[in-house]
Each structure stands twice: as C-alpha cells, then as structure tokens.
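Source file: input24.cif. Holds: mmCIF, C-alpha atoms.
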```cif
data_coords
loop_
_atom_site.label_atom_id
_atom_site.label_comp_id
_atom_site.auth_asym_id
_atom_site.auth_seq_id
_atom_site.Cartn_x
_atom_site.Cartn_y
_atom_site.Cartn_z
CA MET A 188 15.57 16.35 33.78
CA ASP A 189 13.23 16.82 30.82
CA ASN A 190 10.48 14.26 30.36
CA ILE A 191 10.36 11.97 27.33
CA SER A 192 7.99 14.16 25.30
CA ASP A 193 10.18 17.25 25.79
CA ILE A 194 13.23 15.32 24.60
CA LEU A 195 11.38 13.99 21.56
CA LEU A 196 10.01 17.40 20.63
CA ASP A 197 13.46 18.97 20.96
CA TRP A 198 14.93 16.21 18.76
CA TYR A 199 12.14 16.70 16.22
CA ALA A 200 12.73 20.45 16.02
CA ARG A 201 16.32 19.72 14.97
CA HIS A 202 16.00 16.53 12.95
CA GLY A 203 12.38 16.11 11.84
CA ARG A 204 11.66 15.65 8.14
CA ASP A 205 10.18 18.57 6.21
CA LEU A 206 7.26 16.91 4.39
CA PRO A 207 4.48 18.68 2.47
CA TRP A 208 1.64 17.09 4.45
CA ARG A 209 3.20 18.49 7.63
CA ARG A 210 2.91 22.03 6.30
CA THR A 211 -0.87 21.92 6.27
CA ARG A 212 -3.79 21.49 8.62
CA ASP A 213 -6.02 20.31 5.77
CA PRO A 214 -7.42 16.98 7.02
CA TYR A 215 -7.96 15.75 3.45
CA ARG A 216 -4.28 16.11 2.53
CA ILE A 217 -3.12 14.64 5.83
CA TRP A 218 -5.47 11.68 5.35
CA LEU A 219 -4.30 11.23 1.75
CA SER A 220 -0.67 11.12 2.87
CA GLU A 221 -1.44 8.56 5.57
CA VAL A 222 -3.21 6.25 3.12
CA ILE A 223 -0.39 6.52 0.58
CA LEU A 224 2.27 5.87 3.21
CA GLN A 225 0.68 2.67 4.50
CA GLN A 226 3.13 -0.09 3.50
CA THR A 227 5.07 2.52 1.50
CA ARG A 228 8.35 4.36 2.11
CA VAL A 229 8.21 8.16 2.15
CA ALA A 230 10.66 8.39 -0.77
CA GLN A 231 8.34 6.31 -2.95
CA GLY A 232 5.09 7.82 -1.70
CA MET A 233 6.10 11.46 -2.18
CA ASP A 234 5.62 11.50 -5.96
CA TYR A 235 2.23 9.83 -5.62
CA TYR A 236 1.15 12.36 -3.00
CA LEU A 237 2.15 15.27 -5.25
CA ARG A 238 0.39 13.76 -8.28
CA PHE A 239 -2.78 13.07 -6.31
CA THR A 240 -2.96 16.54 -4.78
CA GLU A 241 -2.36 18.11 -8.18
CA ARG A 242 -5.11 16.08 -9.85
CA PHE A 243 -7.44 15.98 -6.80
CA PRO A 244 -6.78 19.13 -4.74
CA ASP A 245 -9.71 18.47 -2.41
CA VAL A 246 -11.89 15.62 -1.26
CA GLY A 247 -14.73 16.66 -3.56
CA SER A 248 -12.65 16.30 -6.73
CA LEU A 249 -11.48 12.86 -5.59
CA ALA A 250 -15.05 11.78 -4.85
CA ALA A 251 -16.22 12.91 -8.29
CA ALA A 252 -13.50 11.02 -10.19
CA PRO A 253 -14.11 7.64 -11.85
CA GLU A 254 -12.57 4.78 -9.90
CA ASP A 255 -10.54 3.71 -12.94
CA GLU A 256 -8.80 7.08 -12.97
CA VAL A 257 -7.94 6.78 -9.28
CA LEU A 258 -6.56 3.26 -9.81
CA LYS A 259 -4.51 4.38 -12.82
CA LEU A 260 -2.95 7.20 -10.80
CA TRP A 261 -2.22 4.70 -8.03
CA GLN A 262 -0.60 2.20 -10.42
CA GLY A 263 2.76 0.92 -9.19
CA LEU A 264 2.14 1.77 -5.53
CA GLY A 265 0.71 -1.65 -4.64
CA TYR A 266 -1.90 -2.71 -2.10
CA TYR A 267 -4.62 -1.50 -4.45
CA SER A 268 -7.39 -1.96 -1.91
CA ARG A 269 -6.02 1.27 -0.41
CA ALA A 270 -6.94 3.16 -3.59
CA CYS A 271 -10.42 1.61 -3.70
CA ASN A 272 -10.99 2.48 -0.04
CA LEU A 273 -9.60 5.99 -0.53
CA HIS A 274 -12.05 6.64 -3.34
CA ALA A 275 -14.97 5.09 -1.45
CA ALA A 276 -14.18 7.15 1.67
CA ALA A 277 -14.04 10.36 -0.37
CA ARG A 278 -17.52 9.57 -1.66
CA GLN A 279 -18.67 8.95 1.91
CA VAL A 280 -17.39 12.41 2.86
CA ALA A 281 -19.34 13.87 -0.07
CA GLU A 282 -22.54 11.98 0.70
CA ARG A 283 -22.58 11.82 4.51
CA PHE A 284 -20.75 15.00 5.48
CA GLY A 285 -21.68 17.37 2.67
CA GLY A 286 -18.19 17.34 1.22
CA VAL A 287 -16.62 18.63 4.46
CA PHE A 288 -14.02 16.33 5.99
CA PRO A 289 -15.27 15.24 9.45
CA ARG A 290 -13.64 16.54 12.62
CA SER A 291 -14.34 13.95 15.29
CA TYR A 292 -12.26 10.80 15.75
CA ASP A 293 -15.33 8.54 15.57
CA GLU A 294 -16.54 10.13 12.32
CA VAL A 295 -13.10 9.89 10.71
CA ARG A 296 -12.78 6.31 11.97
CA SER A 297 -16.10 5.46 10.32
CA LEU A 298 -14.77 6.19 6.83
CA ARG A 299 -14.00 3.26 4.54
CA GLY A 300 -10.53 1.86 5.10
CA VAL A 301 -9.71 4.15 8.04
CA GLY A 302 -8.37 2.35 11.11
CA ASP A 303 -7.38 3.48 14.57
CA TYR A 304 -3.95 4.68 13.51
CA THR A 305 -5.10 6.73 10.51
CA ALA A 306 -7.96 8.34 12.45
CA ALA A 307 -5.59 9.30 15.27
CA ALA A 308 -2.99 10.65 12.86
CA VAL A 309 -5.50 12.80 10.96
CA CYS A 310 -7.33 14.14 14.01
CA SER A 311 -4.17 14.95 15.95
CA ALA A 312 -2.36 16.59 13.01
CA ALA A 313 -5.35 18.51 11.64
CA TYR A 314 -7.23 19.37 14.83
CA ASP A 315 -4.73 18.72 17.66
CA ALA A 316 -7.10 16.08 19.04
CA PRO A 317 -5.55 14.15 21.98
CA CYS A 318 -5.16 10.89 20.03
CA ALA A 319 -1.92 8.94 20.21
CA VAL A 320 -0.75 7.23 17.02
CA LEU A 321 0.58 3.71 17.01
CA ASP A 322 2.44 2.59 13.90
CA GLY A 323 5.50 0.41 13.41
CA ASN A 324 7.86 3.21 14.38
CA VAL A 325 5.97 4.00 17.57
CA PHE A 326 5.74 0.32 18.54
CA ARG A 327 9.51 0.05 18.19
CA VAL A 328 10.31 3.20 20.18
CA LEU A 329 8.01 2.24 23.05
CA ALA A 330 9.06 -1.41 23.08
CA ARG A 331 12.69 -0.37 23.48
CA LEU A 332 12.17 2.54 25.84
CA PHE A 333 10.19 0.38 28.26
CA ASP A 334 11.78 -2.98 27.29
CA ILE A 335 8.43 -4.63 26.62
CA ASP A 336 8.49 -8.27 25.50
CA LEU A 337 4.80 -8.61 24.66
CA PRO A 338 4.32 -9.35 20.92
CA ILE A 339 3.12 -6.20 19.23
CA ASP A 340 0.83 -8.23 16.95
CA SER A 341 -0.96 -10.01 19.80
CA THR A 342 -4.24 -8.83 21.30
CA ALA A 343 -2.65 -8.21 24.71
CA GLY A 344 0.31 -6.47 23.11
CA LYS A 345 -1.83 -4.12 21.02
CA ARG A 346 -3.89 -3.17 24.05
CA THR A 347 -0.82 -2.58 26.23
CA PHE A 348 0.96 -0.46 23.64
CA ALA A 349 -2.17 1.57 22.86
CA GLU A 350 -2.57 2.43 26.55
CA LEU A 351 1.12 3.24 26.91
CA ALA A 352 1.16 5.43 23.80
CA GLN A 353 -1.75 7.44 25.16
CA THR A 354 -0.03 7.99 28.51
CA GLN A 355 3.07 9.34 26.73
CA LEU A 356 1.14 11.75 24.49
CA ASP A 357 1.98 15.43 25.01
CA MET A 358 -1.42 17.06 25.42
CA ARG A 359 0.01 20.49 24.71
CA CYS A 360 0.75 19.61 21.08
CA PRO A 361 -0.44 16.08 20.30
CA GLY A 362 -0.08 16.42 16.55
CA ARG A 363 3.51 17.57 16.72
CA TYR A 364 4.35 14.97 19.37
CA ASN A 365 2.96 12.18 17.19
CA GLN A 366 5.05 13.35 14.26
CA ALA A 367 8.09 13.55 16.53
CA VAL A 368 7.84 9.98 17.86
CA MET A 369 7.18 8.58 14.36
CA ASP A 370 10.20 10.39 12.91
CA PHE A 371 12.29 9.32 15.87
CA GLY A 372 11.53 5.70 15.06
CA ALA A 373 12.13 6.21 11.35
CA LEU A 374 15.44 8.08 11.68
CA GLN A 375 16.98 7.43 15.12
CA CYS A 376 15.49 4.29 16.67
CA THR A 377 15.64 2.34 13.43
CA PRO A 378 14.91 -1.41 13.06
CA ALA A 379 18.55 -2.24 12.28
CA GLN A 380 21.61 -0.40 13.58
CA PRO A 381 19.72 2.19 15.65
CA GLY A 382 21.66 5.28 16.68
CA CYS A 383 21.96 4.35 20.35
CA ALA A 384 25.37 6.03 20.75
CA ASP A 385 23.96 9.51 20.17
CA CYS A 386 20.35 8.89 21.23
CA PRO A 387 18.95 11.64 23.47
CA LEU A 388 16.80 8.99 25.21
CA ALA A 389 19.69 6.58 25.86
CA ALA A 390 19.75 7.27 29.59
CA ARG A 391 16.02 6.39 29.82
CA CYS A 392 16.03 3.38 27.48
CA LEU A 393 15.40 0.19 29.46
CA ALA A 394 16.19 -2.07 26.50
CA LEU A 395 19.57 -0.41 26.05
CA ALA A 396 20.33 -0.96 29.74
CA ALA A 397 19.22 -4.60 29.50
CA GLY A 398 21.01 -5.30 26.21
CA THR A 399 17.75 -6.22 24.45
CA VAL A 400 17.52 -3.46 21.84
CA ALA A 401 17.96 -5.90 18.93
CA GLU A 402 15.17 -8.09 20.34
CA ARG A 403 12.57 -5.33 20.57
CA PRO A 404 9.87 -5.19 19.46
CA VAL A 405 8.74 -8.82 19.70
CA LYS A 406 6.50 -10.25 16.98
CA GLN A 407 4.62 -13.49 16.73
CA ALA A 408 5.50 -16.07 14.08
CA LYS A 409 5.67 -14.57 10.61
CA THR A 410 3.02 -15.39 8.03
CA LYS A 411 4.30 -18.02 5.63
CA VAL A 412 5.04 -16.77 2.12
CA ARG A 413 3.33 -18.88 -0.52
CA ASP A 414 4.24 -19.37 -4.17
CA ARG A 415 1.77 -18.83 -7.02
CA TRP A 416 2.20 -19.49 -10.75
CA PHE A 417 0.44 -17.11 -13.16
CA ASN A 418 0.28 -17.92 -16.87
CA TYR A 419 -0.92 -14.89 -18.80
CA LEU A 420 -2.37 -15.02 -22.30
CA HIS A 421 -1.54 -11.74 -24.02
CA VAL A 422 -3.92 -11.98 -26.97
CA THR A 423 -4.55 -9.50 -29.77
CA CYS A 424 -7.17 -9.71 -32.49
CA GLY A 425 -6.72 -7.03 -35.11
CA ASP A 426 -6.54 -3.73 -33.26
CA ARG A 427 -7.95 -5.06 -29.98
CA THR A 428 -6.38 -6.75 -26.93
CA LEU A 429 -8.15 -9.11 -24.56
CA LEU A 430 -8.34 -7.47 -21.15
CA ARG A 431 -10.61 -8.04 -18.16
CA ARG A 432 -11.09 -6.49 -14.75
CA ARG A 433 -10.10 -8.55 -11.71
CA GLY A 434 -12.88 -9.33 -9.26
CA GLU A 435 -13.00 -9.29 -5.49
CA GLY A 436 -11.43 -11.72 -3.07
CA ASP A 437 -7.80 -11.72 -4.23
CA ILE A 438 -4.85 -9.44 -4.88
CA TRP A 439 -5.16 -6.50 -7.29
CA GLN A 440 -8.92 -6.15 -6.89
CA GLY A 441 -10.36 -3.83 -9.52
CA LEU A 442 -7.25 -3.73 -11.72
CA TYR A 443 -7.13 -5.00 -15.30
CA GLU A 444 -5.27 -8.02 -16.60
CA PHE A 445 -4.91 -10.35 -19.57
CA PRO A 446 -6.64 -13.73 -19.43
CA MET A 447 -4.75 -15.73 -16.82
CA ILE A 448 -4.45 -19.39 -15.94
CA GLU A 449 -3.17 -20.07 -12.43
CA THR A 450 -1.41 -23.40 -11.87
CA ASP A 451 -0.03 -25.05 -8.75
CA ARG A 452 3.48 -25.26 -10.24
CA ALA A 453 5.43 -24.17 -13.30
CA ALA A 454 3.43 -25.44 -16.30
CA ASP A 455 4.53 -26.58 -19.74
CA PHE A 456 2.91 -24.77 -22.63
CA SER A 457 1.18 -27.98 -23.75
CA GLU A 458 -0.42 -28.26 -20.31
CA LEU A 459 -1.89 -24.79 -20.69
CA THR A 460 -3.31 -25.40 -24.17
CA ASP A 461 -4.92 -28.62 -22.95
CA SER A 462 -6.58 -26.90 -19.99
CA GLU A 463 -10.24 -26.00 -19.72
CA GLU A 464 -9.33 -22.37 -18.99
CA PHE A 465 -7.39 -22.09 -22.25
CA ARG A 466 -10.24 -23.62 -24.25
CA THR A 467 -12.66 -21.19 -22.61
CA VAL A 468 -10.64 -18.25 -23.93
CA LEU A 469 -9.23 -19.46 -27.25
CA GLY A 470 -11.05 -22.68 -27.98
CA GLY A 471 -12.47 -22.87 -31.49
CA VAL A 472 -10.39 -20.07 -33.04
CA GLU A 473 -7.15 -20.12 -34.95
CA TRP A 474 -4.26 -18.79 -32.91
CA ARG A 475 -0.55 -18.20 -33.37
CA LEU A 476 1.98 -18.07 -30.55
CA LEU A 477 4.44 -15.25 -31.13
CA ARG A 478 6.63 -15.63 -28.05
CA SER A 479 6.70 -16.55 -24.37
CA VAL A 480 8.30 -14.32 -21.75
CA ALA A 481 9.18 -15.55 -18.26
CA MET A 482 9.31 -12.64 -15.82
CA PRO A 483 11.53 -12.38 -12.74
CA LYS A 484 9.87 -13.40 -9.49
CA HIS A 485 7.43 -10.77 -8.29
CA GLN A 486 7.41 -10.45 -4.51
CA LEU A 487 4.35 -9.35 -2.57
CA SER A 488 4.14 -9.19 1.22
CA HIS A 489 3.09 -12.83 1.67
CA GLN A 490 3.19 -14.17 -1.87
CA THR A 491 5.85 -14.90 -4.47
CA LEU A 492 4.48 -14.74 -8.00
CA HIS A 493 6.06 -16.69 -10.85
CA ALA A 494 4.66 -15.31 -14.11
CA VAL A 495 4.99 -16.27 -17.75
CA PHE A 496 3.38 -14.22 -20.51
CA HIS A 497 2.42 -15.99 -23.73
CA ARG A 498 1.89 -13.60 -26.64
CA PHE A 499 -0.80 -14.72 -29.09
CA GLU A 500 -2.36 -13.45 -32.25
CA ILE A 501 -5.85 -14.62 -33.19
CA PHE A 502 -7.79 -14.06 -36.39
CA SER A 503 -11.42 -14.01 -35.29
CA PRO A 504 -13.12 -12.50 -32.22
CA VAL A 505 -13.72 -14.51 -29.06
CA ASP A 506 -16.23 -14.15 -26.25
CA PHE A 507 -13.89 -12.34 -23.87
CA PRO A 508 -13.68 -8.63 -22.90
CA SER A 509 -11.30 -6.58 -25.05
CA VAL A 510 -10.12 -3.00 -25.43
CA PRO A 511 -8.54 -1.08 -28.31
CA THR A 512 -4.83 -1.89 -28.20
CA ALA A 513 -4.02 1.80 -28.62
CA THR A 514 -5.76 2.55 -25.30
CA LEU A 515 -4.11 -0.24 -23.29
CA GLY A 516 -1.97 2.27 -21.41
CA ASP A 517 -5.08 4.00 -20.08
CA TYR A 518 -6.02 1.02 -17.90
CA ALA A 519 -4.69 0.45 -14.39
CA VAL A 520 -2.82 -2.85 -14.41
CA PRO A 521 -0.72 -4.58 -11.73
CA ARG A 522 2.93 -3.60 -11.61
CA LEU A 523 3.83 -7.09 -12.84
CA ILE A 524 1.93 -6.56 -16.11
CA ASP A 525 3.25 -3.02 -16.43
CA ARG A 526 6.81 -4.34 -16.22
CA TYR A 527 6.06 -6.94 -18.86
CA LEU A 528 4.60 -4.31 -21.21
CA ASP A 529 7.69 -2.15 -20.75
CA ARG A 530 9.74 -5.02 -22.18
CA GLN A 531 7.67 -5.36 -25.34
CA PRO A 532 9.07 -4.20 -28.67
#
```

Please go through the file and, once you have read it, give me the structure as structure tokens.
Amino acid sequence: MDNISDILLDWYARHGRDLPWRRTRDPYRIWLSEVILQQTRVAQGMDYYLRFTERFPDVGSLAAAPEDEVLKLWQGLGYYSRACNLHAAARQVAERFGGVFPRSYDEVRSLRGVGDYTAAAVCSAAYDAPCAVLDGNVFRVLARLFDIDLPIDSTAGKRTFAELAQTQLDMRCPGRYNQAVMDFGALQCTPAQPGCADCPLAARCLALAAGTVAERPVKQAKTKVRDRWFNYLHVTCGDRTLLRRRGEGDIWQGLYEFPMIETDRAADFSELTDSEEFRTVLGGVEWRLLRSVAMPKHQLSHQTLHAVFHRFEIFSPVDFPSVPTATLGDYAVPRLIDRYLDRQP
C-alpha cells in the first residue's frame, strides 16, 4: 500500500488548486503570497497578490516604495502589521542581502515578521529545502490522521506536531508535498463537514476509526472577545480634513484616522462634547454638527468595535494634523473608516 505522502501527492495532482504563486520558484513572490494569505482566504487574497506583484514586481521595488503606498495598497486586507513587516523585511533584503532574497532557512527566518511557518513555506517551495510547514490545515490533517488530543496551541502540542510534520515530509519533493497537505486540509479535510466518505486516507485515519474527527484538532480556551466604543470626529475646515496617523501599540498601526474618542460604553453626544479629548481637538473654536452616523458592528479577531462618526464643520483652524480634503482617498485608512466614507453623500 502507498504511504501517506504518495497518497497526498496523487490527490494533489488531481485536485490541487492552480494558484499563481505555485507557478513560480521566485522566493519573493512565494513570500509575498504567504504574508498576504496569513489570516486571509485565498479568494480574498488573490486580488491583493496580483495588485502587489504588478506594482512591486520584485523585492527591490517593494523596498524602495514609501510605507504609505504599501499600506494604501494593503487597505481592506486587515492585520496591517503584516504590511508594515512586509515592507520592513523587503528593506532588510535590500540592505543586508544586497537585494537578493536569501536562500537559507535561518536567513529567511531572520526577516521582519517571518515565522517558522513562512520560512519553511518559502524555502521548501522556492528551493526544495527539507522544511515541513505547519499551518492550520496541516494541524488539522495530522491531528485527525493520528488522532492526537494535544491542544495545537499549547507548547507541548506545537512541539509534537512540528516533529510529526517533519517525519511525514516527502524528501523527494518537499515543496510539492507541503502544498499537497495544505490543499488537502483546505479542500478535503475541512474544519466542518470534511469529505471522509471519499477520502483517500480514510483507511489510515485514526480519528475516523475512533469517531473523533469532529473533535480534532483540540484547542485551548478561546481568547475572549472584548467590546470597544470608538467615537470619531470627522471634521472639515474649509478645504481641509483633520486626519492623523495611528501610533504603535494598538490595532491599525500606521494607518490614518479622524480624531477619535474611545469610551467604555456607548456615549451620548453631550458626554463627548464635555470630555477633555473633545476640548483638546475642538475647544475654543466655533463648530457645527452636520450629522451623526452609527456604523454596524465591526468585527476583528478578538475585538468588536462599535463606531459612531460625528460630522463637523469648523470655521477656524485648530492645532491638529490635517490634509487637503481632495486627497483624503490617497491615505490608507482602516476598513471601518473606508466603509463610512463610502456612505457619505
């Protein structure tokens, strides 16, 4: 009987997805695809990949670009630290490796934002390095095949699965094998309603034999989702709009936003105008409220954002960063603000 890797490779030859980053050995493009696809479905990430490779066909052009341009191109994809790390890593390639993407696992792993999985994926796909990948799909396939009840997000679980993944790697074609097992998890051994009835590995699947498929993989307690209330002040003064860049240490680092007052619950308008934050922005100037717009809840991975936008007009400048209103669309803003702007007359 064929071993597991032979079965997976045969399945992949018949059912694997035809994706543009799989038609190249260019490590830059493979790396770019891996960064885009972190926390992102292939269907959504495809357009971003094509836009990025059109605008930045090589790592040198990405390194030379202003960060604001990279963030603007990334807008709507979420997890913006990925874009910042992508840009920083491209500059590391330019500065440390003379613009040539590194070949060794350790050198790729040393790049900003590159973890074990991404380094293994790039090195195996570009150079056929014997590095097993371990993403959510691979965790699920291995947990079911070997009926493993260790939590995949525990220290012991990560170590066990990393060792197991490496033992299963087909050394003849590690890049193709990695793609095969990832696609198998994405298309056949899916999180819900996996195709066990026609699975070529059914006879070898210990979880299927034990009736534990739905319980694998095991995860520790989920991170609690917290609620946050954002009150945005969309303020224009003549032909300019107040807009600032978000700092470090929170979501949307490096993106632009209107002045914002965060509260610990839904706030009345009078509470906002009485706050110190409001007086810091608009204190001492005449203002006129044009309208208030409550947006639908905006869900992030571990946060639920409740946002209200208050549209103001003021008649004298204030000490707050501003940009020409006509250029507002040139700035990378969070998807929440972009959706609000789409609703404006």

Name the residues that the PyMOL selection byres ((chain A and resi 327) around 10) picks from the file above, as a count of residues only, using the file's chain letters and numbers.
25

In terms of the shortest atom-to-atom distance over all atoms listed in the file, which of A:Leu430, A:Ala200, A:Leu442, A:Ala352 is closest to Asp255 (chain A)?
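Using all atoms listed in the file, Asp255 (chain A) sits closest to A:Leu442.
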
So which residues fall inside 8 Å of (3.9, -15.5, -4.1) if we count all atoms listed in the file? Mind giving them as a PyMOL selection string?
chain A and resi 412-416+485-487+489-493

Which neighbours of region 196-198 of chain A fall inside 9 Å, counting all atoms listed in the file, when residues of the same chain fewer than 2 positions from it are skipped, and could you give them as a ChimeraX atom specification?
/A:191-194,200-203,363-364,367-368,371,387

If the PyMOL selection byres ((chain A and resi 447-452) around 8) is run on the structure shown, which residues does it catch, given as a VMD selection string?
chain A and resid 415 to 420 444 to 446 453 to 454 459 464 to 465

Around the point (2.0, 3.0, 1.1) (coordinates from the file), which residues reach within 12 Å if we count all atoms listed in the file? Answer as a PyMOL selection string.
chain A and resi 219-236+261-270

Counting all atoms listed in the file, figure out which residue out of A:Pro361, A:Gly286, A:Pro214, A:Pro521 gets nearest to Trp439 (chain A).
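Ranking A:Pro361, A:Gly286, A:Pro214, A:Pro521 by distance to Trp439 (chain A), first place goes to A:Pro521.
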
With only C-alpha atoms as the basis for distance, which of A:Ala306, A:Ala519, A:Ala276, A:Leu260 is at the shortest distance from Gly441 (chain A)?
A:Ala519

Looking at A:Glu402, A:Asp461, A:Glu500, A:Asp303, which one is nearest to Ala349 (chain A), with distances taken over all atoms listed in the file?
A:Asp303

Given all atoms listed in the file as the basis, pick out the residue of A:Asp205, A:Val520, A:Val468, A:Arg526 nearest to Pro483 (chain A).
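The shortest atom-to-atom distance to Pro483 (chain A) comes from A:Arg526.
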
With only C-alpha atoms as the atoms that count, which of A:Leu515, A:Leu469, A:Ile217, A:Ala390 lies nearest to Cys310 (chain A)?
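The closest residue to Cys310 (chain A) is A:Ile217.
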
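The space separating CA of Trp474 (chain A) from CA of Val422 (chain A) comes to 9.0 Å.
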
Can you tell me which residues surround region 279-284 of chain A at a distance of at most 9 Å, considering all atoms listed in the file, apart from same-chain residues fewer than 5 positions away, and format the answer as a count of residues only?
8

Going by the chain IDs and residue numbers used in this file, which residues fall under the PyMOL selection byres ((chain A and resi 318) around 8)? Write them as a CSV table (one decimal) with C-alpha atoms, in the coordinates of the input.
```
chain,number,residue,atom,x,y,z
A,307,ALA,CA,-5.6,9.3,15.3
A,308,ALA,CA,-3.0,10.6,12.9
A,310,CYS,CA,-7.3,14.1,14.0
A,311,SER,CA,-4.2,15.0,16.0
A,316,ALA,CA,-7.1,16.1,19.0
A,317,PRO,CA,-5.6,14.2,22.0
A,319,ALA,CA,-1.9,8.9,20.2
A,320,VAL,CA,-0.8,7.2,17.0
A,353,GLN,CA,-1.8,7.4,25.2
A,356,LEU,CA,1.1,11.8,24.5
A,361,PRO,CA,-0.4,16.1,20.3
```

note - CA of Ala494 (chain A) and CA of Val480 (chain A) are separated by 8.5 Å

Grab the CA of Arg212 (chain A) to CA of Arg242 (chain A) distance for me, in Å with one decimal place.
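Result for CA of Arg212 (chain A) versus CA of Arg242 (chain A): 19.3 Å, one decimal.
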
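The list of residues with at least one atom within 6 Å of region 502-509 of chain A, based on only C-alpha atoms and without residues fewer than 4 positions apart in the same chain, reads Cys424, Thr428, Leu429, Leu430 and Arg431 of chain A.
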
Contacts of Glu254 (chain A) within 8 Å, all atoms listed in the file, excl. fewer than 2 positions in-chain, as a list in words:
Ala252, Glu256, Val257, Leu258, Cys271 and His274 of chain A

Spatial neighbours of Arg498 (chain A), max dist 6 Å, all atoms listed in the file, sep filter under 2 positions, as a ChimeraX atom specification:
/A:421,476-478
